[in-house]
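Asks: Enclosed is the structure file query_29.cif (mmCIF, C-alpha atoms and all ligand atoms).
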```
data_model
loop_
_atom_site.label_atom_id
_atom_site.label_comp_id
_atom_site.auth_asym_id
_atom_site.auth_seq_id
_atom_site.Cartn_x
_atom_site.Cartn_y
_atom_site.Cartn_z
CA PRO K 15 117.88 118.01 106.36
CA ASP K 16 117.42 117.33 110.04
CA PRO K 17 115.96 120.56 111.57
CA ALA K 18 118.14 119.95 114.66
CA GLY K 19 121.32 120.01 112.57
CA LEU K 20 120.80 122.46 109.72
CA PRO K 21 123.72 122.91 107.31
CA ALA K 22 125.87 126.04 107.45
CA GLY K 23 124.83 127.26 103.99
CA CYS K 24 121.55 127.17 102.08
CA ALA K 25 119.20 124.61 103.66
CA PHE K 26 118.18 123.46 100.17
CA ALA K 27 121.73 122.85 98.92
CA GLU K 28 121.77 119.06 99.35
CA ARG K 29 118.80 118.72 97.01
CA CYS K 30 119.41 121.66 94.71
CA ALA K 31 120.19 120.91 91.06
CA VAL K 32 122.04 124.21 90.55
CA ALA K 33 123.93 124.50 93.87
CA GLU K 34 127.40 126.02 93.73
CA SER K 35 130.25 125.94 96.26
CA ARG K 36 129.13 129.18 97.99
CA CYS K 37 125.74 127.58 98.70
CA HIS K 38 127.35 125.15 101.15
CA SER K 39 128.92 127.84 103.36
CA GLU K 40 126.73 130.99 103.13
CA GLN K 41 123.04 131.46 103.72
CA PRO K 42 121.11 133.33 101.01
CA VAL K 43 118.59 135.96 102.14
CA LEU K 44 115.27 136.95 100.56
CA LEU K 45 115.96 139.53 97.84
CA THR K 46 114.46 140.70 94.58
CA SER K 47 116.10 139.23 91.51
CA PRO K 48 116.60 140.39 87.90
CA GLY K 49 114.16 137.74 86.68
CA GLY K 50 111.32 138.67 89.09
CA GLY K 51 109.07 141.64 89.80
CA PRO K 52 109.49 144.18 92.65
CA ARG K 53 107.43 142.10 95.09
CA HIS K 54 108.87 138.78 94.05
CA LEU K 55 111.61 137.73 96.44
CA ALA K 56 113.83 134.66 96.43
CA ALA K 57 116.51 133.41 98.84
CA CYS K 58 118.92 132.04 96.26
CA PHE K 59 122.36 133.14 95.06
CA VAL K 60 121.66 132.01 91.49
CA ALA K 61 118.35 133.90 91.30
CA GLU K 62 119.98 136.97 92.89
CA ARG K 63 122.39 137.38 89.97
CA GLY K 64 119.73 136.44 87.38
CA GLY K 65 121.19 133.02 86.60
CA GLU K 66 119.20 130.25 84.99
CA ILE K 67 117.40 127.86 87.27
CA THR K 68 116.48 124.70 85.43
CA ALA K 69 114.56 121.94 87.12
CA PRO K 70 116.12 118.47 86.87
CA GLU K 71 114.28 116.14 84.54
CA GLU K 72 111.92 113.83 86.31
CA GLY K 73 113.49 110.47 86.91
CA THR K 74 117.12 111.63 86.90
CA GLY K 75 119.45 110.08 89.43
CA HIS K 76 118.96 106.53 88.32
CA VAL K 77 119.48 104.94 84.95
CA ARG K 78 117.50 101.77 84.47
CA LYS K 79 119.24 98.66 83.22
CA ALA K 80 119.13 98.94 79.46
CA GLU K 81 118.56 95.25 78.92
CA GLN K 82 115.98 93.52 80.98
CA THR K 83 117.24 90.13 81.99
CA ALA K 84 115.06 87.08 81.37
CA THR K 85 111.90 87.29 83.44
CA LYS K 86 109.85 84.62 85.15
CA ALA K 87 106.30 84.65 86.49
CA LEU K 88 106.38 85.26 90.25
CA LEU K 89 102.70 85.86 90.94
CA GLU K 90 99.98 84.41 88.74
CA VAL K 91 96.36 85.20 89.48
CA ARG K 92 93.67 83.32 87.57
CA ASP K 93 89.91 84.08 87.58
CA LEU K 94 90.11 85.57 91.05
CA ARG K 95 86.87 86.43 92.83
CA VAL K 96 86.58 88.32 96.08
CA ASP K 97 83.13 88.34 97.68
CA VAL K 98 82.37 91.37 99.85
CA GLY K 99 78.88 90.11 100.85
CA SER K 100 75.59 91.96 100.63
CA ARG K 101 72.80 93.06 102.93
CA ARG K 102 70.19 92.19 100.31
CA ARG K 103 68.23 89.05 100.98
CA GLY K 104 67.92 86.63 98.09
CA LEU K 105 65.43 83.88 97.46
CA PHE K 106 65.27 81.44 100.42
CA GLY K 107 66.84 84.10 102.66
CA ARG K 108 70.43 83.58 101.50
CA GLU K 109 72.59 86.55 100.73
CA PRO K 110 73.57 86.70 97.07
CA ALA K 111 77.33 86.97 96.46
CA VAL K 112 78.65 90.41 95.57
CA TYR K 113 81.96 90.22 93.80
CA ALA K 114 84.07 93.34 94.35
CA VAL K 115 86.62 91.49 92.23
CA ASP K 116 85.18 89.31 89.51
CA SER K 117 87.19 86.88 87.35
CA VAL K 118 90.44 88.83 87.39
CA SER K 119 93.62 87.34 85.93
CA LEU K 120 97.04 88.96 86.00
CA THR K 121 100.73 88.10 86.13
CA VAL K 122 103.61 89.81 87.92
CA GLU K 123 107.06 88.95 86.56
CA SER K 124 110.50 89.22 88.10
CA GLY K 125 112.17 92.60 87.64
CA ARG K 126 109.06 94.06 86.05
CA THR K 127 106.14 96.22 87.08
CA LEU K 128 102.47 95.69 86.41
CA GLY K 129 100.51 98.92 86.93
CA LEU K 130 96.95 98.32 88.11
CA VAL K 131 94.83 101.40 87.56
CA GLY K 132 91.22 102.36 88.23
CA GLU K 133 89.19 104.95 90.08
CA SER K 134 88.41 104.70 93.77
CA GLY K 135 86.05 101.83 94.58
CA CYS K 136 86.82 99.81 91.42
CA GLY K 137 88.13 96.88 93.48
CA LYS K 138 91.90 97.24 92.99
CA SER K 139 92.70 97.49 96.71
CA THR K 140 90.24 94.67 97.52
CA LEU K 141 92.12 92.55 94.97
CA SER K 142 95.58 93.38 96.28
CA ARG K 143 94.57 92.76 99.90
CA ALA K 144 93.18 89.37 98.89
CA LEU K 145 96.58 88.49 97.42
CA VAL K 146 98.27 88.89 100.82
CA GLY K 147 95.49 87.19 102.79
CA ILE K 148 93.77 90.28 104.26
CA ASN K 149 90.58 89.69 102.20
CA LYS K 150 89.07 86.25 101.71
CA ILE K 151 89.23 84.68 98.26
CA ALA K 152 85.90 83.35 96.96
CA GLY K 153 87.19 81.68 93.78
CA GLY K 154 90.10 81.32 91.39
CA THR K 155 93.76 80.61 92.05
CA VAL K 156 96.78 82.59 93.26
CA GLU K 157 100.13 81.03 92.43
CA VAL K 158 103.34 82.29 94.01
CA GLU K 159 106.25 80.95 91.94
CA GLY K 160 104.14 78.07 90.71
CA GLN K 161 102.66 77.15 94.10
CA ASP K 162 98.90 77.63 94.47
CA VAL K 163 98.40 79.29 97.87
CA THR K 164 94.60 78.91 97.66
CA ALA K 165 95.04 75.12 97.86
CA MET K 166 97.42 75.25 100.86
CA GLU K 167 96.83 74.97 104.58
CA GLU K 168 98.54 77.06 107.26
CA PRO K 169 101.41 77.39 108.11
CA GLU K 170 102.63 76.47 104.62
CA ARG K 171 100.34 79.07 103.04
CA GLU K 172 101.74 81.83 105.27
CA ARG K 173 105.31 80.75 104.47
CA VAL K 174 104.76 80.98 100.70
CA ARG K 175 102.67 84.13 101.01
CA SER K 176 105.46 85.91 102.89
CA HIS K 177 107.23 86.14 99.53
CA VAL K 178 104.58 88.69 98.61
CA GLN K 179 104.77 91.83 100.75
CA TYR K 180 102.44 94.81 100.88
CA LEU K 181 103.41 98.47 101.04
CA PHE K 182 100.60 100.68 102.32
CA GLN K 183 99.69 104.11 100.99
CA ASP K 184 100.11 105.63 104.46
CA PRO K 185 103.23 104.13 106.04
CA TYR K 186 102.50 105.95 109.31
CA ALA K 187 99.32 103.92 109.78
CA SER K 188 101.29 100.70 109.34
CA LEU K 189 104.16 101.67 111.70
CA ASN K 190 103.66 101.29 115.45
CA PRO K 191 104.19 104.83 116.85
CA ARG K 192 105.54 103.39 120.13
CA ARG K 193 108.25 101.33 118.46
CA THR K 194 111.55 102.67 117.22
CA ILE K 195 112.52 101.93 113.65
CA ARG K 196 115.06 99.42 114.98
CA GLN K 197 112.25 97.54 116.79
CA SER K 198 109.96 97.61 113.74
CA LEU K 199 112.72 96.27 111.48
CA ALA K 200 113.79 93.69 114.09
CA GLU K 201 110.24 92.35 114.20
CA ALA K 202 110.12 91.94 110.41
CA LEU K 203 113.64 90.44 110.29
CA ALA K 204 112.81 87.95 113.07
CA LEU K 205 109.82 86.75 111.05
CA SER K 206 112.31 85.90 108.29
CA GLY K 207 114.55 84.05 110.77
CA VAL K 208 117.19 86.79 111.04
CA ARG K 209 118.26 87.20 114.69
CA GLY K 210 121.10 88.38 116.94
CA ALA K 211 124.07 90.28 115.52
CA GLU K 212 122.98 89.54 111.96
CA GLN K 213 119.72 91.34 112.69
CA GLU K 214 121.55 94.56 113.58
CA THR K 215 123.81 94.32 110.51
CA ARG K 216 120.83 93.72 108.26
CA ALA K 217 118.80 96.59 109.80
CA ARG K 218 121.68 98.99 109.07
CA GLU K 219 121.99 97.65 105.52
CA LEU K 220 118.26 98.14 104.95
CA MET K 221 118.41 101.75 106.16
CA ARG K 222 121.22 102.51 103.73
CA GLN K 223 119.45 100.64 100.93
CA VAL K 224 116.43 102.94 101.21
CA GLY K 225 118.55 106.09 101.46
CA LEU K 226 118.29 106.68 105.24
CA ARG K 227 121.03 107.02 107.83
CA ASP K 228 121.53 104.03 110.10
CA ASP K 229 121.87 106.37 113.11
CA HIS K 230 118.13 107.03 112.66
CA LEU K 231 117.31 103.50 113.80
CA ASP K 232 116.53 104.64 117.36
CA ARG K 233 114.03 107.26 116.28
CA TYR K 234 110.26 106.89 116.39
CA PRO K 235 108.04 107.18 113.28
CA HIS K 236 106.79 110.70 114.20
CA ALA K 237 110.34 112.05 113.81
CA PHE K 238 110.32 111.39 110.06
CA SER K 239 108.76 113.17 107.09
CA GLY K 240 106.16 111.45 104.88
CA GLY K 241 108.77 110.49 102.27
CA GLN K 242 111.14 109.13 104.93
CA ARG K 243 108.33 107.10 106.48
CA GLN K 244 107.58 105.58 103.09
CA ARG K 245 111.29 104.66 102.84
CA ILE K 246 110.99 102.97 106.24
CA GLY K 247 107.89 101.13 104.98
CA ILE K 248 109.94 99.91 102.00
CA ALA K 249 112.80 98.84 104.32
CA ARG K 250 110.38 96.87 106.48
CA ALA K 251 108.85 95.17 103.45
CA LEU K 252 112.36 94.30 102.16
CA ALA K 253 113.24 92.82 105.56
CA ARG K 254 110.94 89.91 104.68
CA GLN K 255 113.01 89.24 101.52
CA PRO K 256 110.01 89.46 99.19
CA HIS K 257 109.94 88.31 95.60
CA VAL K 258 106.89 90.46 94.86
CA LEU K 259 105.96 93.84 96.34
CA ILE K 260 102.39 95.08 96.18
CA LEU K 261 102.59 98.87 96.17
CA ASP K 262 99.18 100.28 97.08
CA GLU K 263 99.24 103.93 95.95
CA PRO K 264 102.69 104.32 97.56
CA VAL K 265 103.23 107.94 96.53
CA SER K 266 99.67 109.34 96.54
CA ALA K 267 100.03 110.89 100.01
CA LEU K 268 103.45 112.45 99.28
CA ASP K 269 104.50 115.87 97.99
CA VAL K 270 105.19 115.89 94.25
CA SER K 271 108.92 116.56 94.80
CA VAL K 272 109.17 113.48 97.02
CA GLN K 273 107.09 111.24 94.74
CA ALA K 274 109.85 111.14 92.10
CA GLN K 275 112.44 110.20 94.75
CA ILE K 276 110.36 107.26 95.95
CA ILE K 277 109.69 106.11 92.37
CA ASN K 278 113.46 106.28 91.67
CA LEU K 279 114.19 104.32 94.84
CA LEU K 280 111.68 101.64 93.83
CA GLU K 281 113.35 101.40 90.41
CA GLU K 282 116.79 101.03 91.95
CA ILE K 283 115.59 98.30 94.29
CA GLN K 284 113.89 96.47 91.44
CA ASP K 285 117.03 96.59 89.29
CA GLU K 286 119.17 95.42 92.19
CA LEU K 287 116.98 92.65 93.58
CA GLY K 288 114.80 91.65 90.62
CA VAL K 289 111.63 92.08 92.68
CA GLY K 290 108.33 92.09 90.76
CA TYR K 291 105.95 94.99 91.49
CA LEU K 292 102.19 95.23 91.39
CA PHE K 293 101.82 99.03 91.45
CA ILE K 294 98.30 100.22 92.24
CA ALA K 295 97.21 103.75 91.37
CA HIS K 296 94.05 105.68 90.56
CA ASP K 297 95.85 107.77 87.96
CA LEU K 298 97.60 106.42 84.86
CA SER K 299 100.21 109.19 84.97
CA VAL K 300 101.60 107.91 88.30
CA VAL K 301 102.42 104.43 86.99
CA ARG K 302 103.58 105.62 83.56
CA HIS K 303 107.25 105.92 84.45
CA LEU K 304 107.63 102.57 86.17
CA SER K 305 105.21 100.15 84.47
CA ASP K 306 106.16 97.55 81.89
CA THR K 307 102.58 96.35 81.58
CA VAL K 308 99.31 97.97 82.61
CA ALA K 309 95.90 96.59 83.62
CA VAL K 310 92.90 98.90 83.88
CA MET K 311 90.13 97.91 86.26
CA TYR K 312 86.47 98.95 86.26
CA LEU K 313 83.82 97.69 88.65
CA GLY K 314 85.74 94.60 89.70
CA ARG K 315 86.95 93.55 86.23
CA ILE K 316 89.99 94.16 84.07
CA VAL K 317 88.73 96.07 81.03
CA GLU K 318 92.09 96.54 79.28
CA ASP K 319 95.60 95.21 79.70
CA GLY K 320 98.78 95.08 77.67
CA PRO K 321 102.27 96.56 77.24
CA ALA K 322 102.42 99.98 78.92
CA GLU K 323 103.67 101.80 75.83
CA ALA K 324 100.80 100.50 73.70
CA VAL K 325 98.14 101.25 76.31
CA TYR K 326 99.35 104.85 76.73
CA ALA K 327 99.82 105.46 73.01
CA ASN K 328 96.70 103.77 71.74
CA PRO K 329 94.10 102.91 74.41
CA GLN K 330 91.54 100.40 73.22
CA HIS K 331 88.86 100.64 75.90
CA PRO K 332 86.91 103.93 76.23
CA TYR K 333 87.43 103.84 80.02
CA THR K 334 91.23 103.77 79.55
CA ALA K 335 90.92 106.60 77.04
CA ALA K 336 88.91 108.65 79.56
CA LEU K 337 91.42 108.02 82.37
CA LEU K 338 94.28 109.01 80.08
CA SER K 339 92.56 112.17 78.95
CA ALA K 340 92.14 113.18 82.60
CA SER K 341 95.81 112.52 83.45
CA PRO K 342 98.16 115.49 83.68
CA SER K 343 100.32 115.86 80.57
CA PRO K 344 103.83 114.40 80.94
CA VAL K 345 105.11 117.34 78.89
CA PRO K 346 105.86 120.27 81.25
CA GLY K 347 103.87 123.37 80.38
CA GLU K 348 101.60 121.58 77.93
CA ARG K 349 97.97 122.34 78.46
CA GLU K 350 94.92 120.33 77.51
CA GLY K 351 94.24 120.56 73.80
CA GLU K 352 97.81 121.42 72.78
CA SER K 353 98.61 117.75 72.27
CA GLY K 354 95.37 117.13 70.39
CA ARG K 355 94.14 115.22 73.39
CA GLU K 356 90.56 116.00 74.26
CA ARG K 357 89.34 115.71 77.80
CA ILE K 358 86.72 112.96 78.07
CA VAL K 359 84.44 113.67 81.00
CA LEU K 360 82.62 110.62 82.30
CA GLY K 361 79.13 111.17 83.63
CA GLY K 362 77.67 109.46 86.68
CA ASP K 363 79.29 107.47 89.44
CA LEU K 364 80.72 103.98 89.59
CA PRO K 365 77.68 101.63 89.87
CA SER K 366 77.42 99.34 92.89
CA PRO K 367 79.05 95.91 92.43
CA ALA K 368 75.85 94.55 94.05
CA ALA K 369 73.86 95.62 90.98
CA PRO K 370 76.19 95.84 87.96
CA PRO K 371 74.56 97.00 84.70
CA SER K 372 73.48 94.27 82.26
CA GLY K 373 75.79 93.56 79.31
CA CYS K 374 78.81 95.86 79.52
CA ARG K 375 79.41 97.17 83.03
CA PHE K 376 80.67 100.48 81.65
CA ARG K 377 77.63 101.19 79.48
CA THR K 378 75.98 103.61 81.98
CA ARG K 379 78.97 105.98 81.59
CA CYS K 380 80.48 105.05 78.25
CA PRO K 381 80.98 108.01 75.85
CA ILE K 382 80.61 105.76 72.78
CA GLY K 383 78.06 103.28 74.14
CA PRO K 384 74.25 103.23 74.02
CA LEU K 385 74.03 106.48 76.02
CA VAL K 386 75.06 108.36 72.87
CA ASN K 387 74.68 105.68 70.17
CA ARG K 388 71.23 104.22 70.82
CA GLU K 389 71.62 101.59 68.13
CA ARG K 390 74.44 99.93 70.11
CA THR K 391 72.04 97.60 71.92
CA VAL K 392 74.74 94.91 71.96
CA CYS K 393 76.37 96.82 74.82
CA LYS K 394 73.23 96.28 76.93
CA GLU K 395 72.76 92.65 75.96
CA LYS K 396 76.18 91.10 75.74
CA ASP K 397 78.93 91.19 78.36
CA PRO K 398 82.15 91.96 76.41
CA GLN K 399 85.08 89.68 77.19
CA LEU K 400 88.78 90.59 77.11
CA THR K 401 89.89 89.98 73.52
CA ALA K 402 92.97 90.91 71.51
CA ALA K 403 92.95 94.54 70.33
CA GLY K 404 95.43 97.25 69.36
CA ASP K 405 99.15 96.59 69.65
CA GLY K 406 99.40 93.57 71.95
CA GLN K 407 96.58 94.74 74.22
CA ARG K 408 93.34 93.08 75.23
CA ALA K 409 90.13 95.06 75.75
CA ALA K 410 86.64 94.17 77.00
CA CYS K 411 84.65 96.30 74.54
CA HIS K 412 82.49 95.55 71.50
CA PHE K 413 83.95 98.64 69.76
CA PRO K 414 87.64 98.69 70.77
CA GLY K 415 89.98 101.48 69.75
CA GLU K 416 87.27 103.93 68.74
CA LEU K 417 88.37 106.64 71.19
CA ALA K 418 92.11 106.06 70.77
CA ALA K 419 92.53 108.71 68.07
CA THR K 420 91.44 111.54 70.35
CA THR K 421 93.75 110.54 73.18
CA SER K 422 96.96 109.43 71.49
CA ARG K 423 99.94 111.76 71.39
S1 LIG K 501 121.44 127.71 94.06
FE1 LIG K 501 120.06 128.84 95.39
S2 LIG K 501 118.59 127.36 96.19
FE2 LIG K 501 120.30 126.21 95.29
S3 LIG K 501 121.61 125.80 97.00
FE3 LIG K 501 122.36 127.72 96.08
S4 LIG K 501 121.31 129.33 97.17
FE4 LIG K 501 120.26 127.43 97.64
S1 LIG K 502 81.02 97.49 75.06
FE1 LIG K 502 79.79 99.28 74.51
S2 LIG K 502 79.31 100.29 76.48
FE2 LIG K 502 80.98 98.85 76.84
S3 LIG K 502 82.82 100.04 76.65
FE3 LIG K 502 82.46 99.14 74.64
S4 LIG K 502 81.24 100.67 73.53
FE4 LIG K 502 81.18 101.23 75.70
#
```
What is this file in structure tokens?
Replies:
Amino acid sequence: PDPAGLPAGCAFAERCAVAESRCHSEQPVLLTSPGGGPRHLAACFVAERGGEITAPEEGTGHVRKAEQTATKALLEVRDLRVDVGSRRRGLFGREPAVYAVDSVSLTVESGRTLGLVGESGCGKSTLSRALVGINKIAGGTVEVEGQDVTAMEEPERERVRSHVQYLFQDPYASLNPRRTIRQSLAEALALSGVRGAEQETRARELMRQVGLRDDHLDRYPHAFSGGQRQRIGIARALARQPHVLILDEPVSALDVSVQAQIINLLEEIQDELGVGYLFIAHDLSVVRHLSDTVAVMYLGRIVEDGPAEAVYANPQHPYTAALLSASPSPVPGEREGESGRERIVLGGDLPSPAAPPSGCRFRTRCPIGPLVNRERTVCKEKDPQLTAAGDGQRAACHFPGELAATTSR
């Protein structure tokens, strides 16, 4: 709630799953409760009388459309390369190319979410920024609804690219602190040709669509919480009427309680508008709820992709298996080992893209590669390509599926 206009009753009532009528008119005070110890106090009427407090299940509040309607490819990336340069001098004094993103292909479909996962520095943000024109593309093609933007000239390229919008991890950094929300939305709406009275109507609609009050339009970004600012970021992205949204770690900076709200909001918007999402995260557990397909990235390459269910149930690449084993369990209260899932600890750091290991790029950290199985010299000699493995997945590994048994649940 707005701190300047606190409700008459319990300040948590609007968000409380077990609120009762009394909660909206009386304020609870800190007291001991039958369920707690002598020094354990809670300001809650339900706790006070020893009632049961059950947390709502994650993801409640929105039921996804049972049947996905027919999908179409909105964003198709083929063999994309993004060169980040190098300070090393090559033969004849030219700088050799360093590909932070190397031969990456992926597809984002309407009304569906592709989760792109990998640890920090793997190239996922470099890739996504190249898709909206922030980073320069060194090779490959990017098609937006069948139109190759890499072959276009301005302003046509910008026009087509505007169908793909980017949502930053930190919405505060992307909002001008000196502009009111109305001004920020007006700017985005004007870029889409919406002006005058229609602009005001649309700004109000957008605020309601992202769960904010339209009387907040005259506030500045600092007056909002992190979750509210991310809602404003979503509203501003929607003002451009995108067909694809690139969500770059959109909930990583938010409190856990707010993360689920933003994920639910993104689901609702996707169901309503049929937008395709490219959802970037460093943790597989974050994209689990929303993703239809998943691509796992390591050192600039996709090492596994496929239907989300199959990737989570039966990872084929040892890097995916390691990421999954490090993810928090989706089962509340379940600790490591109780699900039969062993934690796979990867040694070493991500190598530099300027000097990737020979053969398989993951071999310097792989728990089943030549580090532990010295006879697996093929991993040093031959670069594994993405090939069919598991249940509809593809994996870039000479020994796919070997670690799946220890990570599946
Ligand atoms: S049940 Fe407890 S926490 Fe919830 S609204 Fe009532 S007093 Fe507040
Ligand atoms: S190819 Fe070899 S080093 Fe690479 S992931 Fe597979 S087993 Fe590990």
Asks: I'd like to know which of K:Glu281, K:Glu201, K:Asp162, K:Glu90 is closest to K:Val118, using only C-alpha atoms.
Replies: K:Glu90
Asks: K:Thr85, K:Gln284, K:Gln407, K:Ser188: which is nearest K:Leu304, counting all atoms listed in the file?
Replies: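 Among the listed residues, the smallest separation from K:Leu304 belongs to K:Gln284.
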Asks: May I have the residues within 9 Å of K:Arg254 as a VMD selection string, using all atoms listed in the file and disregarding those fewer than 3 positions away in the same chain?
Replies: chain K and resid 176 to 179 202 to 206 250 to 251
Asks: Taking only C-alpha atoms and all ligand atoms into account, produce a table as JSON lines in which each residue of chain K with an atom at most 12 Å from an atom of ligand LIG 501 (chain K) appears once, together with its shortest atom pair and the distance in Å to one decimal, ordered by chain and rising number.
Replies:
```
{"residue": "K:Pro21", "atom": "CA", "partner": "K:LIG501", "partner_atom": "S3", "distance": 10.9}
{"residue": "K:Ala22", "atom": "CA", "partner": "K:LIG501", "partner_atom": "S3", "distance": 11.3}
{"residue": "K:Gly23", "atom": "CA", "partner": "K:LIG501", "partner_atom": "FE4", "distance": 7.8}
{"residue": "K:Cys24", "atom": "CA", "partner": "K:LIG501", "partner_atom": "FE4", "distance": 4.6}
{"residue": "K:Ala25", "atom": "CA", "partner": "K:LIG501", "partner_atom": "FE4", "distance": 6.7}
{"residue": "K:Phe26", "atom": "CA", "partner": "K:LIG501", "partner_atom": "FE4", "distance": 5.1}
{"residue": "K:Ala27", "atom": "CA", "partner": "K:LIG501", "partner_atom": "S3", "distance": 3.5}
{"residue": "K:Glu28", "atom": "CA", "partner": "K:LIG501", "partner_atom": "S3", "distance": 7.1}
{"residue": "K:Arg29", "atom": "CA", "partner": "K:LIG501", "partner_atom": "S3", "distance": 7.6}
{"residue": "K:Cys30", "atom": "CA", "partner": "K:LIG501", "partner_atom": "FE2", "distance": 4.7}
{"residue": "K:Ala31", "atom": "CA", "partner": "K:LIG501", "partner_atom": "FE2", "distance": 6.8}
{"residue": "K:Val32", "atom": "CA", "partner": "K:LIG501", "partner_atom": "S1", "distance": 5.0}
{"residue": "K:Ala33", "atom": "CA", "partner": "K:LIG501", "partner_atom": "S1", "distance": 4.1}
{"residue": "K:Glu34", "atom": "CA", "partner": "K:LIG501", "partner_atom": "FE3", "distance": 5.8}
{"residue": "K:Ser35", "atom": "CA", "partner": "K:LIG501", "partner_atom": "FE3", "distance": 8.1}
{"residue": "K:Arg36", "atom": "CA", "partner": "K:LIG501", "partner_atom": "FE3", "distance": 7.2}
{"residue": "K:Cys37", "atom": "CA", "partner": "K:LIG501", "partner_atom": "FE3", "distance": 4.3}
{"residue": "K:His38", "atom": "CA", "partner": "K:LIG501", "partner_atom": "S3", "distance": 7.1}
{"residue": "K:Ser39", "atom": "CA", "partner": "K:LIG501", "partner_atom": "FE3", "distance": 9.8}
{"residue": "K:Glu40", "atom": "CA", "partner": "K:LIG501", "partner_atom": "S4", "distance": 8.2}
{"residue": "K:Gln41", "atom": "CA", "partner": "K:LIG501", "partner_atom": "S4", "distance": 7.1}
{"residue": "K:Pro42", "atom": "CA", "partner": "K:LIG501", "partner_atom": "S4", "distance": 5.5}
{"residue": "K:Val43", "atom": "CA", "partner": "K:LIG501", "partner_atom": "S4", "distance": 8.7}
{"residue": "K:Leu44", "atom": "CA", "partner": "K:LIG501", "partner_atom": "S4", "distance": 10.3}
{"residue": "K:Leu45", "atom": "CA", "partner": "K:LIG501", "partner_atom": "S4", "distance": 11.5}
{"residue": "K:Ser47", "atom": "CA", "partner": "K:LIG501", "partner_atom": "FE1", "distance": 11.8}
{"residue": "K:Ala56", "atom": "CA", "partner": "K:LIG501", "partner_atom": "FE1", "distance": 8.6}
{"residue": "K:Ala57", "atom": "CA", "partner": "K:LIG501", "partner_atom": "S4", "distance": 6.5}
{"residue": "K:Cys58", "atom": "CA", "partner": "K:LIG501", "partner_atom": "FE1", "distance": 3.5}
{"residue": "K:Phe59", "atom": "CA", "partner": "K:LIG501", "partner_atom": "S4", "distance": 4.5}
{"residue": "K:Val60", "atom": "CA", "partner": "K:LIG501", "partner_atom": "S1", "distance": 5.0}
{"residue": "K:Ala61", "atom": "CA", "partner": "K:LIG501", "partner_atom": "FE1", "distance": 6.7}
{"residue": "K:Glu62", "atom": "CA", "partner": "K:LIG501", "partner_atom": "FE1", "distance": 8.5}
{"residue": "K:Arg63", "atom": "CA", "partner": "K:LIG501", "partner_atom": "FE1", "distance": 10.4}
{"residue": "K:Gly64", "atom": "CA", "partner": "K:LIG501", "partner_atom": "FE1", "distance": 11.0}
{"residue": "K:Gly65", "atom": "CA", "partner": "K:LIG501", "partner_atom": "S1", "distance": 9.2}
{"residue": "K:Glu66", "atom": "CA", "partner": "K:LIG501", "partner_atom": "S1", "distance": 9.7}
{"residue": "K:Ile67", "atom": "CA", "partner": "K:LIG501", "partner_atom": "S1", "distance": 7.9}
{"residue": "K:Thr68", "atom": "CA", "partner": "K:LIG501", "partner_atom": "S1", "distance": 10.4}
{"residue": "K:Ala69", "atom": "CA", "partner": "K:LIG501", "partner_atom": "FE2", "distance": 10.9}
```
Asks: As a PyMOL selection string, please: every protein or nucleic acid residue near ligand LIG 502 (chain K) (cut-off 10 Å, counting only C-alpha atoms and all ligand atoms).
Replies: chain K and resi 317+330-334+373-387+390-399+409-417
Asks: Would you mind exporting the chosen residues as an mmCIF file, keeping the file's coordinate frame, restricted to C-alpha atoms?
Replies:
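Printed below is selection-v8.cif as written:
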```
data_model
loop_
_atom_site.group_PDB
_atom_site.id
_atom_site.type_symbol
_atom_site.label_atom_id
_atom_site.label_comp_id
_atom_site.auth_asym_id
_atom_site.auth_seq_id
_atom_site.Cartn_x
_atom_site.Cartn_y
_atom_site.Cartn_z
ATOM 1 C CA VAL K 317 88.730 96.070 81.030
ATOM 2 C CA GLN K 330 91.540 100.400 73.220
ATOM 3 C CA HIS K 331 88.860 100.640 75.900
ATOM 4 C CA PRO K 332 86.910 103.930 76.230
ATOM 5 C CA TYR K 333 87.430 103.840 80.020
ATOM 6 C CA THR K 334 91.230 103.770 79.550
ATOM 7 C CA GLY K 373 75.790 93.560 79.310
ATOM 8 C CA CYS K 374 78.810 95.860 79.520
ATOM 9 C CA ARG K 375 79.410 97.170 83.030
ATOM 10 C CA PHE K 376 80.670 100.480 81.650
ATOM 11 C CA ARG K 377 77.630 101.190 79.480
ATOM 12 C CA THR K 378 75.980 103.610 81.980
ATOM 13 C CA ARG K 379 78.970 105.980 81.590
ATOM 14 C CA CYS K 380 80.480 105.050 78.250
ATOM 15 C CA PRO K 381 80.980 108.010 75.850
ATOM 16 C CA ILE K 382 80.610 105.760 72.780
ATOM 17 C CA GLY K 383 78.060 103.280 74.140
ATOM 18 C CA PRO K 384 74.250 103.230 74.020
ATOM 19 C CA LEU K 385 74.030 106.480 76.020
ATOM 20 C CA VAL K 386 75.060 108.360 72.870
ATOM 21 C CA ASN K 387 74.680 105.680 70.170
ATOM 22 C CA ARG K 390 74.440 99.930 70.110
ATOM 23 C CA THR K 391 72.040 97.600 71.920
ATOM 24 C CA VAL K 392 74.740 94.910 71.960
ATOM 25 C CA CYS K 393 76.370 96.820 74.820
ATOM 26 C CA LYS K 394 73.230 96.280 76.930
ATOM 27 C CA GLU K 395 72.760 92.650 75.960
ATOM 28 C CA LYS K 396 76.180 91.100 75.740
ATOM 29 C CA ASP K 397 78.930 91.190 78.360
ATOM 30 C CA PRO K 398 82.150 91.960 76.410
ATOM 31 C CA GLN K 399 85.080 89.680 77.190
ATOM 32 C CA ALA K 409 90.130 95.060 75.750
ATOM 33 C CA ALA K 410 86.640 94.170 77.000
ATOM 34 C CA CYS K 411 84.650 96.300 74.540
ATOM 35 C CA HIS K 412 82.490 95.550 71.500
ATOM 36 C CA PHE K 413 83.950 98.640 69.760
ATOM 37 C CA PRO K 414 87.640 98.690 70.770
ATOM 38 C CA GLY K 415 89.980 101.480 69.750
ATOM 39 C CA GLU K 416 87.270 103.930 68.740
ATOM 40 C CA LEU K 417 88.370 106.640 71.190
#
```
